[in-house]
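Enquirer: The following file, work-v7.cif, comprises mmCIF, N, CA and C atoms:
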data_protein
#
loop_
_atom_site.label_atom_id
_atom_site.label_comp_id
_atom_site.auth_asym_id
_atom_site.auth_seq_id
_atom_site.Cartn_x
_atom_site.Cartn_y
_atom_site.Cartn_z
N MET A 1 -24.62 12.92 -23.21
CA MET A 1 -23.58 13.90 -23.40
C MET A 1 -24.23 15.21 -23.78
N ALA A 2 -24.03 16.23 -22.97
CA ALA A 2 -24.57 17.55 -23.23
C ALA A 2 -23.42 18.54 -23.38
N ASP A 3 -23.47 19.35 -24.43
CA ASP A 3 -22.44 20.36 -24.66
C ASP A 3 -21.03 19.78 -24.72
N GLY A 4 -20.87 18.58 -25.27
CA GLY A 4 -19.55 18.00 -25.44
C GLY A 4 -18.92 17.47 -24.17
N VAL A 5 -19.67 17.34 -23.09
CA VAL A 5 -19.14 16.83 -21.83
C VAL A 5 -19.54 15.37 -21.70
N TYR A 6 -18.55 14.52 -21.55
CA TYR A 6 -18.83 13.10 -21.40
C TYR A 6 -19.24 12.79 -19.97
N PRO A 7 -20.10 11.79 -19.78
CA PRO A 7 -20.52 11.45 -18.41
C PRO A 7 -19.38 10.86 -17.61
N ALA A 8 -19.41 11.05 -16.32
CA ALA A 8 -18.43 10.44 -15.41
C ALA A 8 -18.62 8.93 -15.44
N PRO A 9 -17.62 8.15 -15.05
CA PRO A 9 -17.75 6.69 -15.10
C PRO A 9 -18.99 6.16 -14.39
N ALA A 10 -19.39 6.75 -13.28
CA ALA A 10 -20.55 6.26 -12.54
C ALA A 10 -21.84 6.53 -13.30
N GLU A 11 -21.84 7.49 -14.21
CA GLU A 11 -23.03 7.85 -14.96
C GLU A 11 -23.00 7.32 -16.39
N ALA A 12 -22.10 6.44 -16.68
CA ALA A 12 -21.91 5.97 -18.05
C ALA A 12 -23.12 5.19 -18.54
N PRO A 13 -23.47 5.35 -19.83
CA PRO A 13 -24.56 4.54 -20.39
C PRO A 13 -24.21 3.06 -20.35
N LEU A 14 -25.20 2.21 -20.48
CA LEU A 14 -24.99 0.77 -20.38
C LEU A 14 -24.10 0.22 -21.48
N THR A 15 -24.00 0.91 -22.62
CA THR A 15 -23.18 0.40 -23.72
C THR A 15 -21.71 0.79 -23.57
N VAL A 16 -21.38 1.52 -22.51
CA VAL A 16 -20.01 1.93 -22.28
C VAL A 16 -19.52 1.29 -20.99
N GLU A 17 -18.28 0.84 -21.00
CA GLU A 17 -17.71 0.16 -19.84
C GLU A 17 -16.46 0.92 -19.39
N THR A 18 -16.30 1.02 -18.09
CA THR A 18 -15.13 1.69 -17.54
C THR A 18 -14.08 0.64 -17.21
N ALA A 19 -12.88 0.88 -17.68
CA ALA A 19 -11.76 -0.01 -17.38
C ALA A 19 -10.76 0.74 -16.51
N ARG A 20 -10.32 0.13 -15.44
CA ARG A 20 -9.27 0.70 -14.59
C ARG A 20 -7.93 0.19 -15.08
N LEU A 21 -7.00 1.10 -15.25
CA LEU A 21 -5.67 0.75 -15.72
C LEU A 21 -4.67 0.90 -14.59
N PHE A 22 -3.85 -0.10 -14.39
CA PHE A 22 -2.80 -0.09 -13.38
C PHE A 22 -1.47 -0.22 -14.12
N LEU A 23 -0.60 0.75 -13.93
CA LEU A 23 0.74 0.70 -14.49
C LEU A 23 1.71 0.53 -13.33
N VAL A 24 2.41 -0.58 -13.33
CA VAL A 24 3.25 -0.96 -12.18
C VAL A 24 4.70 -1.13 -12.64
N ASP A 25 5.61 -0.39 -12.01
CA ASP A 25 7.04 -0.55 -12.25
C ASP A 25 7.60 -1.47 -11.17
N THR A 26 8.40 -2.46 -11.59
CA THR A 26 8.93 -3.43 -10.64
C THR A 26 10.45 -3.46 -10.67
N LEU A 27 11.01 -3.99 -9.61
CA LEU A 27 12.44 -4.28 -9.56
C LEU A 27 12.73 -5.48 -10.45
N ASP A 28 14.00 -5.71 -10.73
CA ASP A 28 14.41 -6.87 -11.51
C ASP A 28 14.44 -8.08 -10.59
N ALA A 29 13.33 -8.79 -10.54
CA ALA A 29 13.21 -10.00 -9.71
C ALA A 29 12.49 -11.06 -10.54
N PRO A 30 12.92 -12.32 -10.44
CA PRO A 30 12.32 -13.37 -11.27
C PRO A 30 10.83 -13.58 -11.01
N ASP A 31 10.36 -13.26 -9.82
CA ASP A 31 8.95 -13.50 -9.49
C ASP A 31 8.14 -12.21 -9.36
N ALA A 32 8.64 -11.11 -9.92
CA ALA A 32 7.96 -9.81 -9.79
C ALA A 32 6.56 -9.84 -10.38
N LEU A 33 6.41 -10.40 -11.57
CA LEU A 33 5.09 -10.44 -12.20
C LEU A 33 4.11 -11.25 -11.37
N LEU A 34 4.55 -12.38 -10.86
CA LEU A 34 3.66 -13.22 -10.04
C LEU A 34 3.24 -12.50 -8.76
N LYS A 35 4.16 -11.77 -8.14
CA LYS A 35 3.82 -11.04 -6.92
C LYS A 35 2.81 -9.94 -7.20
N VAL A 36 2.95 -9.26 -8.33
CA VAL A 36 1.99 -8.21 -8.70
C VAL A 36 0.62 -8.82 -8.98
N LEU A 37 0.59 -9.89 -9.75
CA LEU A 37 -0.69 -10.52 -10.08
C LEU A 37 -1.37 -11.15 -8.87
N SER A 38 -0.58 -11.57 -7.88
CA SER A 38 -1.19 -12.19 -6.69
C SER A 38 -2.06 -11.20 -5.92
N VAL A 39 -1.73 -9.91 -5.99
CA VAL A 39 -2.58 -8.91 -5.32
C VAL A 39 -3.98 -8.93 -5.92
N PHE A 40 -4.07 -9.05 -7.23
CA PHE A 40 -5.37 -9.09 -7.89
C PHE A 40 -6.08 -10.42 -7.63
N ALA A 41 -5.33 -11.51 -7.57
CA ALA A 41 -5.93 -12.82 -7.31
C ALA A 41 -6.53 -12.89 -5.92
N VAL A 42 -5.81 -12.39 -4.92
CA VAL A 42 -6.30 -12.43 -3.54
C VAL A 42 -7.58 -11.60 -3.41
N GLN A 43 -7.65 -10.48 -4.13
CA GLN A 43 -8.82 -9.61 -4.08
C GLN A 43 -9.92 -10.06 -5.05
N GLN A 44 -9.70 -11.16 -5.77
CA GLN A 44 -10.65 -11.75 -6.71
C GLN A 44 -11.11 -10.74 -7.77
N VAL A 45 -10.15 -10.08 -8.38
CA VAL A 45 -10.42 -9.12 -9.44
C VAL A 45 -10.30 -9.83 -10.79
N ALA A 46 -11.31 -9.65 -11.64
CA ALA A 46 -11.27 -10.21 -12.98
C ALA A 46 -10.45 -9.28 -13.87
N LEU A 47 -9.39 -9.82 -14.46
CA LEU A 47 -8.50 -9.02 -15.30
C LEU A 47 -8.92 -9.14 -16.76
N ALA A 48 -8.85 -8.01 -17.48
CA ALA A 48 -9.16 -8.01 -18.90
C ALA A 48 -7.89 -8.22 -19.73
N THR A 49 -6.81 -7.50 -19.37
CA THR A 49 -5.54 -7.65 -20.08
C THR A 49 -4.39 -7.49 -19.10
N VAL A 50 -3.30 -8.17 -19.42
CA VAL A 50 -2.06 -8.04 -18.67
C VAL A 50 -0.93 -7.99 -19.68
N ASP A 51 -0.11 -6.95 -19.60
CA ASP A 51 1.06 -6.83 -20.47
C ASP A 51 2.29 -6.64 -19.58
N PHE A 52 3.38 -7.32 -19.95
CA PHE A 52 4.62 -7.19 -19.20
C PHE A 52 5.74 -6.86 -20.18
N ALA A 53 6.53 -5.88 -19.82
CA ALA A 53 7.71 -5.52 -20.63
C ALA A 53 8.92 -5.53 -19.72
N ALA A 54 9.91 -6.35 -20.07
CA ALA A 54 11.13 -6.40 -19.28
C ALA A 54 12.02 -5.23 -19.66
N ALA A 55 12.69 -4.68 -18.67
CA ALA A 55 13.65 -3.60 -18.88
C ALA A 55 14.95 -4.01 -18.21
N ALA A 56 16.01 -3.27 -18.46
CA ALA A 56 17.32 -3.61 -17.89
C ALA A 56 17.31 -3.57 -16.36
N ASP A 57 16.54 -2.68 -15.79
CA ASP A 57 16.55 -2.52 -14.33
C ASP A 57 15.26 -3.00 -13.67
N GLY A 58 14.43 -3.74 -14.38
CA GLY A 58 13.18 -4.23 -13.79
C GLY A 58 12.16 -4.54 -14.86
N GLY A 59 10.93 -4.26 -14.56
CA GLY A 59 9.86 -4.54 -15.51
C GLY A 59 8.73 -3.54 -15.36
N GLN A 60 7.89 -3.53 -16.38
CA GLN A 60 6.70 -2.70 -16.36
C GLN A 60 5.50 -3.58 -16.65
N VAL A 61 4.50 -3.51 -15.78
CA VAL A 61 3.29 -4.32 -15.92
C VAL A 61 2.13 -3.36 -16.16
N ARG A 62 1.35 -3.64 -17.19
CA ARG A 62 0.14 -2.88 -17.48
C ARG A 62 -1.04 -3.84 -17.32
N ILE A 63 -1.92 -3.51 -16.39
CA ILE A 63 -3.06 -4.37 -16.08
C ILE A 63 -4.34 -3.59 -16.28
N GLU A 64 -5.29 -4.18 -16.98
CA GLU A 64 -6.60 -3.58 -17.17
C GLU A 64 -7.63 -4.45 -16.47
N ALA A 65 -8.39 -3.84 -15.58
CA ALA A 65 -9.43 -4.56 -14.84
C ALA A 65 -10.76 -3.84 -15.06
N ARG A 66 -11.80 -4.58 -15.17
CA ARG A 66 -13.13 -4.01 -15.40
C ARG A 66 -14.00 -4.13 -14.16
N ARG A 67 -14.99 -3.27 -14.11
CA ARG A 67 -16.01 -3.28 -13.04
C ARG A 67 -15.39 -3.07 -11.66
N LEU A 68 -14.49 -2.10 -11.57
CA LEU A 68 -13.90 -1.74 -10.28
C LEU A 68 -14.31 -0.31 -9.94
N SER A 69 -14.75 -0.09 -8.73
CA SER A 69 -15.05 1.27 -8.28
C SER A 69 -13.75 2.02 -8.04
N ALA A 70 -13.84 3.32 -7.93
CA ALA A 70 -12.65 4.13 -7.65
C ALA A 70 -12.06 3.75 -6.30
N GLU A 71 -12.92 3.47 -5.34
CA GLU A 71 -12.44 3.09 -4.00
C GLU A 71 -11.70 1.77 -4.04
N ARG A 72 -12.22 0.81 -4.77
CA ARG A 72 -11.56 -0.50 -4.84
C ARG A 72 -10.24 -0.39 -5.61
N ALA A 73 -10.22 0.42 -6.66
CA ALA A 73 -8.98 0.63 -7.41
C ALA A 73 -7.93 1.28 -6.51
N GLN A 74 -8.34 2.22 -5.68
CA GLN A 74 -7.42 2.87 -4.75
C GLN A 74 -6.87 1.85 -3.74
N HIS A 75 -7.75 1.00 -3.24
CA HIS A 75 -7.33 -0.05 -2.30
C HIS A 75 -6.29 -0.97 -2.95
N LEU A 76 -6.55 -1.37 -4.20
CA LEU A 76 -5.61 -2.24 -4.89
C LEU A 76 -4.26 -1.55 -5.11
N SER A 77 -4.30 -0.25 -5.43
CA SER A 77 -3.03 0.46 -5.64
C SER A 77 -2.23 0.54 -4.35
N GLU A 78 -2.91 0.70 -3.21
CA GLU A 78 -2.21 0.70 -1.92
C GLU A 78 -1.61 -0.66 -1.63
N ARG A 79 -2.35 -1.71 -1.94
CA ARG A 79 -1.83 -3.07 -1.74
C ARG A 79 -0.62 -3.32 -2.63
N LEU A 80 -0.68 -2.85 -3.88
CA LEU A 80 0.44 -3.02 -4.80
C LEU A 80 1.68 -2.29 -4.29
N ARG A 81 1.50 -1.08 -3.76
CA ARG A 81 2.64 -0.31 -3.27
C ARG A 81 3.32 -0.98 -2.07
N SER A 82 2.61 -1.87 -1.39
CA SER A 82 3.19 -2.56 -0.24
C SER A 82 4.00 -3.80 -0.64
N VAL A 83 3.94 -4.19 -1.90
CA VAL A 83 4.70 -5.35 -2.38
C VAL A 83 6.17 -4.95 -2.53
N PRO A 84 7.09 -5.70 -1.93
CA PRO A 84 8.51 -5.31 -1.93
C PRO A 84 9.15 -5.10 -3.30
N VAL A 85 8.69 -5.81 -4.33
CA VAL A 85 9.32 -5.68 -5.64
C VAL A 85 8.74 -4.52 -6.46
N VAL A 86 7.73 -3.84 -5.94
CA VAL A 86 7.08 -2.75 -6.68
C VAL A 86 7.78 -1.43 -6.38
N ARG A 87 8.18 -0.73 -7.45
CA ARG A 87 8.82 0.59 -7.31
C ARG A 87 7.81 1.72 -7.43
N GLY A 88 6.76 1.53 -8.20
CA GLY A 88 5.79 2.60 -8.39
C GLY A 88 4.50 2.08 -9.00
N VAL A 89 3.40 2.78 -8.72
CA VAL A 89 2.08 2.39 -9.23
C VAL A 89 1.36 3.64 -9.71
N SER A 90 0.79 3.57 -10.89
CA SER A 90 -0.08 4.62 -11.41
C SER A 90 -1.42 3.98 -11.74
N VAL A 91 -2.50 4.69 -11.43
CA VAL A 91 -3.84 4.17 -11.69
C VAL A 91 -4.62 5.20 -12.48
N GLY A 92 -5.35 4.73 -13.47
CA GLY A 92 -6.21 5.61 -14.26
C GLY A 92 -7.42 4.84 -14.72
N TRP A 93 -8.20 5.47 -15.56
CA TRP A 93 -9.37 4.79 -16.11
C TRP A 93 -9.59 5.26 -17.53
N ARG A 94 -10.33 4.46 -18.26
CA ARG A 94 -10.75 4.86 -19.61
C ARG A 94 -12.08 4.20 -19.90
N MET A 95 -12.82 4.82 -20.79
CA MET A 95 -14.11 4.27 -21.17
C MET A 95 -13.96 3.59 -22.53
N ARG A 96 -14.63 2.50 -22.68
CA ARG A 96 -14.60 1.79 -23.95
C ARG A 96 -15.96 1.20 -24.20
N THR A 97 -16.26 0.96 -25.44
CA THR A 97 -17.54 0.37 -25.79
C THR A 97 -17.55 -1.08 -25.33
N ALA A 98 -18.60 -1.46 -24.62
CA ALA A 98 -18.70 -2.85 -24.13
C ALA A 98 -18.94 -3.78 -25.31
N SER A 99 -18.31 -4.93 -25.27
CA SER A 99 -18.48 -5.89 -26.36
C SER A 99 -19.45 -6.97 -25.98
#
Using structure tokens, write down the structure that the file contains.
Expert:
Amino acid sequence: MADGVYPAPAEAPLTVETARLFLVDTLDAPDALLKVLSVFAVQQVALATVDFAAAADGGQVRIEARRLSAERAQHLSERLRSVPVVRGVSVGWRMRTAS
């Protein structure tokens, strides 16, 4: 880190890990969570955390995956958007200390 600028994810030190965050809004369907998670299973992505919150008109899924490139995260977001029960997808990243 020089002059208060943090390194980009690709330049991160070995003690720092980049996590990709997927925020997925779904329709109110009994199998919405399973359909969202199946996208990650088919692509053999190792998930770190999965949170689901039910809402009156659907659900919100927060998924954290590690060791994904920006290109692979983009591919997964496109696959998620093609799932019929998905209303919206947001993708981001954050750095955290590796444990």
Enquirer: Between A:Ala32, A:Val24, A:Ala46, A:Ala65, which is the closest to Glu78 in chain A once you count only C-alpha atoms?
Expert: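 Among A:Ala32, A:Val24, A:Ala46, A:Ala65, it is A:Val24 that comes nearest to Glu78 in chain A.
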Enquirer: Translate the PyMOL selection byres (((chain A and resi 19 and name CA) around 7) and name CA), as applied to the file shown, into an explicit residue set as a VMD selection string.
Expert: chain A and resid 17 to 18 20 to 21 64 to 67 93 to 95
Enquirer: Find the spatial neighbours of Gly88 in chain A, counting only C-alpha atoms, within a cut-off of 9 Å - ignore same-chain residues fewer than 4 positions away - and output them as a VMD selection string.
Expert: chain A and resid 23 to 26 80 to 81
Enquirer: Counting only C-alpha atoms, which of A:Phe52, A:Ala73, A:Arg87, A:Leu27 gets nearest to Phe40 in chain A?
Expert: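 Closest residue, counting only C-alpha atoms: A:Ala73.
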Enquirer: Between A:Ala54, A:Ala70, A:Val83, A:Val89, single out the one closest to Pro30 in chain A, counting only C-alpha atoms.
Expert: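 Selected residue with least distance to Pro30 in chain A: A:Ala54.
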Enquirer: What separation in Å, quoted to one decimal, exists between CA of Leu47 in chain A and atom N of Gln60 in chain A?
Expert: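 According to the coordinates, CA of Leu47 in chain A and atom N of Gln60 in chain A are separated by 17.3 Å.
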Enquirer: I'd like the interatomic distance between CA of Val39 in chain A and CA of Arg79 in chain A, to a tenth of an Å.
Expert: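 CA of Arg79 in chain A lies 6.9 Å from CA of Val39 in chain A.
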Enquirer: The PyMOL selection byres ((chain A and resi 57) around 5) on the file shown: which residues, as a PDB file with N, CA and C atoms, keeping the file's coordinate frame?
Expert:
ATOM      1  N   LEU A  27      11.010  -3.990  -9.610  1.00  0.00           N
ATOM      2  CA  LEU A  27      12.440  -4.280  -9.560  1.00  0.00           C
ATOM      3  C   LEU A  27      12.730  -5.480 -10.450  1.00  0.00           C
ATOM      4  N   ASP A  28      14.000  -5.710 -10.730  1.00  0.00           N
ATOM      5  CA  ASP A  28      14.410  -6.870 -11.510  1.00  0.00           C
ATOM      6  C   ASP A  28      14.440  -8.080 -10.590  1.00  0.00           C
ATOM      7  N   ALA A  55      12.690  -4.680 -18.670  1.00  0.00           N
ATOM      8  CA  ALA A  55      13.650  -3.600 -18.880  1.00  0.00           C
ATOM      9  C   ALA A  55      14.950  -4.010 -18.210  1.00  0.00           C
ATOM     10  N   ALA A  56      16.010  -3.270 -18.460  1.00  0.00           N
ATOM     11  CA  ALA A  56      17.320  -3.610 -17.890  1.00  0.00           C
ATOM     12  C   ALA A  56      17.310  -3.570 -16.360  1.00  0.00           C
ATOM     13  N   GLY A  58      14.430  -3.740 -14.380  1.00  0.00           N
ATOM     14  CA  GLY A  58      13.180  -4.230 -13.790  1.00  0.00           C
ATOM     15  C   GLY A  58      12.160  -4.540 -14.860  1.00  0.00           C
ATOM     16  N   GLY A  59      10.930  -4.260 -14.560  1.00  0.00           N
ATOM     17  CA  GLY A  59       9.860  -4.540 -15.510  1.00  0.00           C
ATOM     18  C   GLY A  59       8.730  -3.540 -15.360  1.00  0.00           C
TER      19      GLY A  59
END
Enquirer: Choose the residue, out of A:Asp31, A:Arg62, A:Phe22, A:Val42, that has the smallest atom-to-atom separation from Val85 in chain A; count only N, CA and C atoms.
Expert: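 For Val85 in chain A, the nearest of the given residues is A:Asp31.
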